[in-house]
Amino acid sequence: MAAAVLLLLASVALFLSWVVVKTVYSVWWKPRQYAEAFKRQGIHGYPYKLLVGNIKEAATMQEKALAKPMAFSHDIAPRVGPFFKESVDKHGRISLTWFGKTPQLILQDPEMVKEVLSNKFGHFSKAPQPAQVKMLAWGLANLNGEQWAVQRRRISPVFHLEKLKGMLPSFSTSCSELVQRWEKSISPKGSCELDVWNELQNLTGDVISRTAFGSNYDEGKQIFQMQKEQAELVIQAIRRIYIPGSRFLPTKENKRQKELNRKVISLLNNIIEKREKEMQLGIAKNDDLLGILLESNKSHREHGDKGMTRKEVIEECKLFYFAGQETTSVLLTWTMVLLSMYPSWQMHAREEVLQVCGKNIPSFDSLSHLKTVTMILNEVLRLYPPATFIVRYTYKTVKLGDLILPEGVRLILPLLLIHHDHKLWGDDAEEFKPERFSEGIANASKNQLAFLPFGWGPRICIGQTFALIEAKMALAMILQRFSFELSPTYAHAPRQIITLQPQHGAQIILHSI
């Protein structure tokens, strides 16, 4: 009996010793090895702090930066991403930071960014995501390797140009309703004040409802509201110090996140079930994103591909909803803000729209002839990109330029810093100058990889054409009927909540014309 007890105690002691050794290696020795390896290659940065890395510093800097609005300047990086900005300023265009115990390299080098995004040999993957992000919107954007390639083939028919042309009536219907609502809001004096951030979120929500699910905005409103709340919870979770297993704790935030996820899945499941029944009865109109997706899935199955599961279809729908609404709404919001700041460009854009389209609803062909509008949208995307950085991850030792990167390194591709880089864009990089795109994107800067609002390479955003057509349609129809200026109540305060948003809204005074 005593021998058995001694054996048990010895086993427990051995196990605890193993846990201690493994923990010490993971949270202390391994980060030291990473730091030494980078130092030998001339890479410098912030020192590693046990377990937390630089998360606390970054969160403190961000909180301080967001405490008050900024001046009317487009030099927004110190407010939107102060930690990344300071890291590059202090330690160079390739700098080391720590995401917990994970080494994190900021790469403000277009050639390295190109190599990472081209991913020719599959060396770089999407970074592991917190469970909260997975609940918000998973799908194609977060898959890797062959799984991503297969899913991309399944989904690509949804965003074929001819399919998007067929959705133009849905775009124009939603925009017409917005314009009519604004016209009713204008007082007899011919003006009114609106928070266009809320208005344009409603617009893009309406568009994605019609084009994705053939329903109107009211039917999809619950999903938008819940995903907006989920995004706030995701940001809160990311900015906190990560504790392994914390997502399983019965906290108020965790409970709410799971509740929201269940409700979103239930709503989407009902929409999909209804559509599948209509398809079986032969009465479905499959001219929207969901219908095209289900038809594509059916075709793949008929040709030997197992196709997407119901869960995968739901995840893609969640991504349609979130990405389809957020990207275009922030683009249109910042466009209206900047055209309010620069009335001469607003006038040039309106003159072009009226010359090309008159007061008629723009056709696909007329949208393609709006050169000034395109230049303006590109400059807005440069100064205020919807996503301010992209994250990738090394899952094995790789060579990047002259660097050797070990397995497990998190790579930050700082799109906002690249878009504002004076070496790439000139001394006027912080100025709003749409004319820099007059000869196209390739000739706008000193490096073709300096403009990356939708990413680049094989993983470039599959919905970028959808977003740009929608933005051109909305902007053209607004310019046809209104002039606008910033309200005295507007506070310039960009911040990132998944996408780059106006923290205190975007108050605009509309005038009928």
# chains A, B, ... in the order shown; residues from 1 in each chain; ligands from 1
>>> residues_around(residues="A:Leu143", least_positions_apart="5", cutoff="10 Å", atoms="only C-alpha atoms", output="PyMOL selection string")
chain A and resi 125-127+138+148-152
>>> write_last_selection(atoms="N, CA and C atoms", output="mmCIF file, in the first residue's frame")
data_model
loop_
_atom_site.group_PDB
_atom_site.id
_atom_site.type_symbol
_atom_site.label_atom_id
_atom_site.label_comp_id
_atom_site.auth_asym_id
_atom_site.auth_seq_id
_atom_site.Cartn_x
_atom_site.Cartn_y
_atom_site.Cartn_z
ATOM 1 N N SER A 125 -0.034 31.612 -43.614
ATOM 2 C CA SER A 125 -1.453 31.288 -43.453
ATOM 3 C C SER A 125 -2.152 32.414 -42.705
ATOM 4 N N LYS A 126 -3.481 32.361 -42.713
ATOM 5 C CA LYS A 126 -4.232 33.271 -41.868
ATOM 6 C C LYS A 126 -3.873 32.963 -40.425
ATOM 7 N N ALA A 127 -3.727 34.003 -39.623
ATOM 8 C CA ALA A 127 -3.348 33.810 -38.227
ATOM 9 C C ALA A 127 -4.475 33.128 -37.461
ATOM 10 N N TRP A 138 -16.982 33.658 -40.026
ATOM 11 C CA TRP A 138 -15.876 32.774 -40.383
ATOM 12 C C TRP A 138 -15.852 32.664 -41.899
ATOM 13 N N TRP A 148 -9.247 26.410 -48.326
ATOM 14 C CA TRP A 148 -9.573 27.733 -48.866
ATOM 15 C C TRP A 148 -9.755 27.653 -50.381
ATOM 16 N N ALA A 149 -8.839 26.957 -51.074
ATOM 17 C CA ALA A 149 -8.886 26.880 -52.541
ATOM 18 C C ALA A 149 -10.196 26.251 -53.016
ATOM 19 N N VAL A 150 -10.627 25.188 -52.355
ATOM 20 C CA VAL A 150 -11.876 24.507 -52.718
ATOM 21 C C VAL A 150 -13.070 25.435 -52.499
ATOM 22 N N GLN A 151 -13.071 26.103 -51.338
ATOM 23 C CA GLN A 151 -14.199 26.989 -51.022
ATOM 24 C C GLN A 151 -14.247 28.192 -51.961
ATOM 25 N N ARG A 152 -13.078 28.697 -52.347
ATOM 26 C CA ARG A 152 -13.021 29.830 -53.281
ATOM 27 C C ARG A 152 -13.653 29.433 -54.616
#
>>> closest_atom_pairs(of="stretch 123-204 of chain A", to="stretch 287-304 of chain A", cutoff="8 Å", atoms="only C-alpha atoms", output="Markdown table")
| residue | atom | partner | partner_atom | distance |
| --- | --- | --- | --- | --- |
| A:Arg154 | CA | A:Ser296 | CA | 6.3 |
| A:Ile155 | CA | A:Leu293 | CA | 6.3 |
| A:Pro157 | CA | A:Ser296 | CA | 7.0 |
| A:Val158 | CA | A:Ile292 | CA | 5.6 |
| A:Lys163 | CA | A:Asp287 | CA | 7.6 |
| A:Gly166 | CA | A:Asp287 | CA | 7.5 |
| A:Met167 | CA | A:Asp288 | CA | 7.2 |
>>> closest_atom_pairs(of="stretch 398-489 of chain A", to="stretch 25-46 of chain A", cutoff="10 Å", atoms="only C-alpha atoms", output="JSON lines")
{"residue": "A:Asp402", "atom": "CA", "partner": "A:Gln41", "partner_atom": "CA", "distance": 8.8}
{"residue": "A:Leu403", "atom": "CA", "partner": "A:Gln41", "partner_atom": "CA", "distance": 7.0}
{"residue": "A:Ile404", "atom": "CA", "partner": "A:Gln41", "partner_atom": "CA", "distance": 8.2}
{"residue": "A:Leu405", "atom": "CA", "partner": "A:Phe38", "partner_atom": "CA", "distance": 8.3}
{"residue": "A:Pro406", "atom": "CA", "partner": "A:Tyr34", "partner_atom": "CA", "distance": 7.9}
{"residue": "A:Glu407", "atom": "CA", "partner": "A:Tyr34", "partner_atom": "CA", "distance": 9.8}
{"residue": "A:Gly408", "atom": "CA", "partner": "A:Tyr34", "partner_atom": "CA", "distance": 9.8}
{"residue": "A:Val409", "atom": "CA", "partner": "A:Tyr34", "partner_atom": "CA", "distance": 8.9}
>>> closest_atom_pairs(of="stretch 269-358 of chain A", to="stretch 54-74 of chain A", cutoff="12 Å", atoms="only C-alpha atoms", output="Markdown table")
| residue | atom | partner | partner_atom | distance |
| --- | --- | --- | --- | --- |
| A:Trp334 | CA | A:His74 | CA | 11.0 |
| A:Val337 | CA | A:Phe72 | CA | 10.7 |
| A:Leu338 | CA | A:His74 | CA | 9.7 |
| A:Ser340 | CA | A:Phe72 | CA | 11.8 |
| A:Met341 | CA | A:Phe72 | CA | 8.8 |
| A:Tyr342 | CA | A:Phe72 | CA | 11.8 |
>>> write_last_selection(atoms="N, CA and C atoms", output="mmCIF file, in the first residue's frame")
data_model
loop_
_atom_site.group_PDB
_atom_site.id
_atom_site.type_symbol
_atom_site.label_atom_id
_atom_site.label_comp_id
_atom_site.auth_asym_id
_atom_site.auth_seq_id
_atom_site.Cartn_x
_atom_site.Cartn_y
_atom_site.Cartn_z
ATOM 1 N N TRP A 334 -16.769 57.828 -45.243
ATOM 2 C CA TRP A 334 -15.557 58.660 -45.327
ATOM 3 C C TRP A 334 -15.539 59.476 -46.634
ATOM 4 N N VAL A 337 -17.624 62.487 -45.911
ATOM 5 C CA VAL A 337 -16.893 63.377 -45.012
ATOM 6 C C VAL A 337 -15.824 64.154 -45.788
ATOM 7 N N LEU A 338 -15.054 63.455 -46.609
ATOM 8 C CA LEU A 338 -13.967 64.118 -47.337
ATOM 9 C C LEU A 338 -14.489 65.061 -48.420
ATOM 10 N N SER A 340 -17.151 66.685 -48.165
ATOM 11 C CA SER A 340 -17.616 67.855 -47.410
ATOM 12 C C SER A 340 -16.441 68.763 -47.071
ATOM 13 N N MET A 341 -15.296 68.158 -46.789
ATOM 14 C CA MET A 341 -14.089 68.939 -46.488
ATOM 15 C C MET A 341 -13.533 69.624 -47.740
ATOM 16 N N TYR A 342 -13.770 68.999 -48.905
ATOM 17 C CA TYR A 342 -13.199 69.499 -50.157
ATOM 18 C C TYR A 342 -14.317 69.739 -51.172
#
>>> closest_residue(among="A:Ile376, A:Val20, A:Val5, A:Val12", to="A:Lys472", atoms="only C-alpha atoms")
A:Ile376
>>> residues_around(residues="stretch 191-205 of chain A", least_positions_apart="5", cutoff="6 Å", atoms="only C-alpha atoms", output="PDB file with N, CA and C atoms, in the first residue's frame")
ATOM      1  N   ILE A 186     -35.604  66.912 -45.579  1.00  0.00           N
ATOM      2  CA  ILE A 186     -35.152  68.284 -45.796  1.00  0.00           C
ATOM      3  C   ILE A 186     -36.277  69.275 -45.499  1.00  0.00           C
ATOM      4  N   GLN A 325     -21.893  44.575 -45.666  1.00  0.00           N
ATOM      5  CA  GLN A 325     -22.430  45.812 -45.139  1.00  0.00           C
ATOM      6  C   GLN A 325     -21.337  46.757 -44.675  1.00  0.00           C
ATOM      7  N   SER A 329     -20.237  50.617 -46.316  1.00  0.00           N
ATOM      8  CA  SER A 329     -20.762  51.712 -45.489  1.00  0.00           C
ATOM      9  C   SER A 329     -19.645  52.612 -44.992  1.00  0.00           C
ATOM     10  N   THR A 333     -19.174  56.517 -46.093  1.00  0.00           N
ATOM     11  CA  THR A 333     -19.170  57.511 -45.015  1.00  0.00           C
ATOM     12  C   THR A 333     -17.955  58.416 -45.103  1.00  0.00           C
ATOM     13  N   GLY A 505     -19.812  59.257 -35.037  1.00  0.00           N
ATOM     14  CA  GLY A 505     -20.729  59.454 -36.140  1.00  0.00           C
ATOM     15  C   GLY A 505     -20.184  60.417 -37.178  1.00  0.00           C
ATOM     16  N   ALA A 506     -20.992  60.664 -38.216  1.00  0.00           N
ATOM     17  CA  ALA A 506     -20.594  61.565 -39.307  1.00  0.00           C
ATOM     18  C   ALA A 506     -21.760  62.497 -39.611  1.00  0.00           C
ATOM     19  N   GLN A 507     -21.806  63.610 -38.894  1.00  0.00           N
ATOM     20  CA  GLN A 507     -22.921  64.552 -39.008  1.00  0.00           C
ATOM     21  C   GLN A 507     -22.702  65.456 -40.232  1.00  0.00           C
ATOM     22  N   ILE A 508     -23.629  65.378 -41.159  1.00  0.00           N
ATOM     23  CA  ILE A 508     -23.544  66.103 -42.428  1.00  0.00           C
ATOM     24  C   ILE A 508     -24.809  66.950 -42.607  1.00  0.00           C
ATOM     25  N   ILE A 509     -24.643  68.158 -43.146  1.00  0.00           N
ATOM     26  CA  ILE A 509     -25.798  68.984 -43.503  1.00  0.00           C
ATOM     27  C   ILE A 509     -26.042  68.818 -44.999  1.00  0.00           C
ATOM     28  N   LEU A 510     -27.244  68.342 -45.337  1.00  0.00           N
ATOM     29  CA  LEU A 510     -27.635  68.127 -46.729  1.00  0.00           C
ATOM     30  C   LEU A 510     -28.394  69.342 -47.261  1.00  0.00           C
ATOM     31  N   HIS A 511     -28.143  69.676 -48.510  1.00  0.00           N
ATOM     32  CA  HIS A 511     -28.898  70.727 -49.205  1.00  0.00           C
ATOM     33  C   HIS A 511     -29.469  70.142 -50.485  1.00  0.00           C
TER      34      HIS A 511
END
>>> atom_distance(atom1="atom CA of A:Ile265", atom2="atom CA of A:Lys228")
14.9 Å
>>> residues_around(residues="stretch 445-460 of chain A", least_positions_apart="6", cutoff="9 Å", atoms="only C-alpha atoms", output="list in words")
Pro110, Glu111, Val113, Lys114, Leu117, Ser118, Asn119, Ala141, Asn378, Leu381, Arg382, Tyr384, Pro385, Pro386, Ala387, Thr388, Ile390, Leu415, Leu416, Ile418, His419, Asp421, Lys423, Leu424, Trp425, Gly426, Arg436 and Phe437 of chain A
>>> residues_around(residues="stretch 221-225 of chain A", least_positions_apart="3", cutoff="9 Å", atoms="only C-alpha atoms", output="PDB file with C-alpha atoms, in the first residue's frame")
ATOM      1  CA  ASN A 202     -28.868  51.114 -43.174  1.00  0.00           C
ATOM      2  CA  GLY A 205     -27.657  46.631 -44.962  1.00  0.00           C
ATOM      3  CA  ASP A 206     -30.619  47.020 -47.266  1.00  0.00           C
ATOM      4  CA  SER A 209     -30.377  41.956 -47.799  1.00  0.00           C
ATOM      5  CA  ASN A 216     -35.741  43.841 -47.559  1.00  0.00           C
ATOM      6  CA  TYR A 217     -33.734  45.554 -44.842  1.00  0.00           C
ATOM      7  CA  ASP A 218     -36.372  45.075 -42.121  1.00  0.00           C
ATOM      8  CA  LYS A 228     -22.585  45.037 -34.824  1.00  0.00           C
ATOM      9  CA  GLU A 229     -22.789  44.138 -31.131  1.00  0.00           C
ATOM     10  CA  GLN A 230     -20.681  41.035 -31.755  1.00  0.00           C
ATOM     11  CA  LYS A 263     -29.721  33.843 -32.826  1.00  0.00           C
ATOM     12  CA  VAL A 264     -27.826  34.777 -36.009  1.00  0.00           C
ATOM     13  CA  LEU A 267     -32.230  33.422 -38.482  1.00  0.00           C
ATOM     14  CA  LEU A 268     -29.920  32.416 -41.333  1.00  0.00           C
ATOM     15  CA  LYS A 318     -22.605  35.512 -42.015  1.00  0.00           C
ATOM     16  CA  TYR A 321     -23.791  40.055 -44.142  1.00  0.00           C
ATOM     17  CA  PHE A 322     -20.892  41.453 -42.139  1.00  0.00           C
ATOM     18  CA  GLN A 325     -22.430  45.812 -45.139  1.00  0.00           C
TER      19      GLN A 325
END
>>> closest_atom_pairs(of="stretch 350-427 of chain A", to="stretch 432-435 of chain A", cutoff="10 Å", atoms="only C-alpha atoms", output="Markdown table")
| residue | atom | partner | partner_atom | distance |
| --- | --- | --- | --- | --- |
| A:Thr372 | CA | A:Pro434 | CA | 8.0 |
| A:Val373 | CA | A:Pro434 | CA | 9.1 |
| A:Thr374 | CA | A:Pro434 | CA | 8.8 |
| A:Met375 | CA | A:Pro434 | CA | 5.2 |
| A:Ile376 | CA | A:Pro434 | CA | 5.1 |
| A:Leu377 | CA | A:Pro434 | CA | 8.1 |
| A:Asn378 | CA | A:Pro434 | CA | 7.3 |
| A:Glu379 | CA | A:Pro434 | CA | 5.2 |
| A:Val380 | CA | A:Phe432 | CA | 7.9 |
| A:Arg382 | CA | A:Phe432 | CA | 9.3 |
| A:Leu383 | CA | A:Phe432 | CA | 7.7 |
>>> decode(residues="stretch 389-414 of chain A", atoms="C-alpha atoms", output="short mmCIF file (atom, residue, chain, number, x, y, z; two decimals), in the first residue's frame")
data_model
loop_
_atom_site.label_atom_id
_atom_site.label_comp_id
_atom_site.auth_asym_id
_atom_site.auth_seq_id
_atom_site.Cartn_x
_atom_site.Cartn_y
_atom_site.Cartn_z
CA PHE A 389 -3.89 45.95 -41.34
CA ILE A 390 -3.75 42.33 -42.44
CA VAL A 391 -2.46 39.49 -40.26
CA ARG A 392 -0.59 36.42 -41.49
CA TYR A 393 1.19 33.61 -39.66
CA THR A 394 4.24 31.42 -40.35
CA TYR A 395 3.42 27.79 -39.70
CA LYS A 396 6.97 26.66 -40.50
CA THR A 397 10.41 28.23 -40.90
CA VAL A 398 10.43 30.38 -44.04
CA LYS A 399 12.69 32.81 -45.90
CA LEU A 400 11.22 36.27 -46.49
CA GLY A 401 13.54 38.59 -48.39
CA ASP A 402 16.84 38.30 -46.51
CA LEU A 403 15.12 37.24 -43.30
CA ILE A 404 14.68 33.76 -41.86
CA LEU A 405 11.42 33.60 -39.95
CA PRO A 406 10.81 30.71 -37.55
CA GLU A 407 7.54 28.89 -37.13
CA GLY A 408 4.85 30.63 -35.12
CA VAL A 409 5.54 34.28 -36.01
CA ARG A 410 2.62 36.65 -36.40
CA LEU A 411 3.07 39.08 -39.30
CA ILE A 412 1.34 42.46 -39.33
CA LEU A 413 0.97 44.04 -42.78
CA PRO A 414 0.09 47.65 -41.84
#
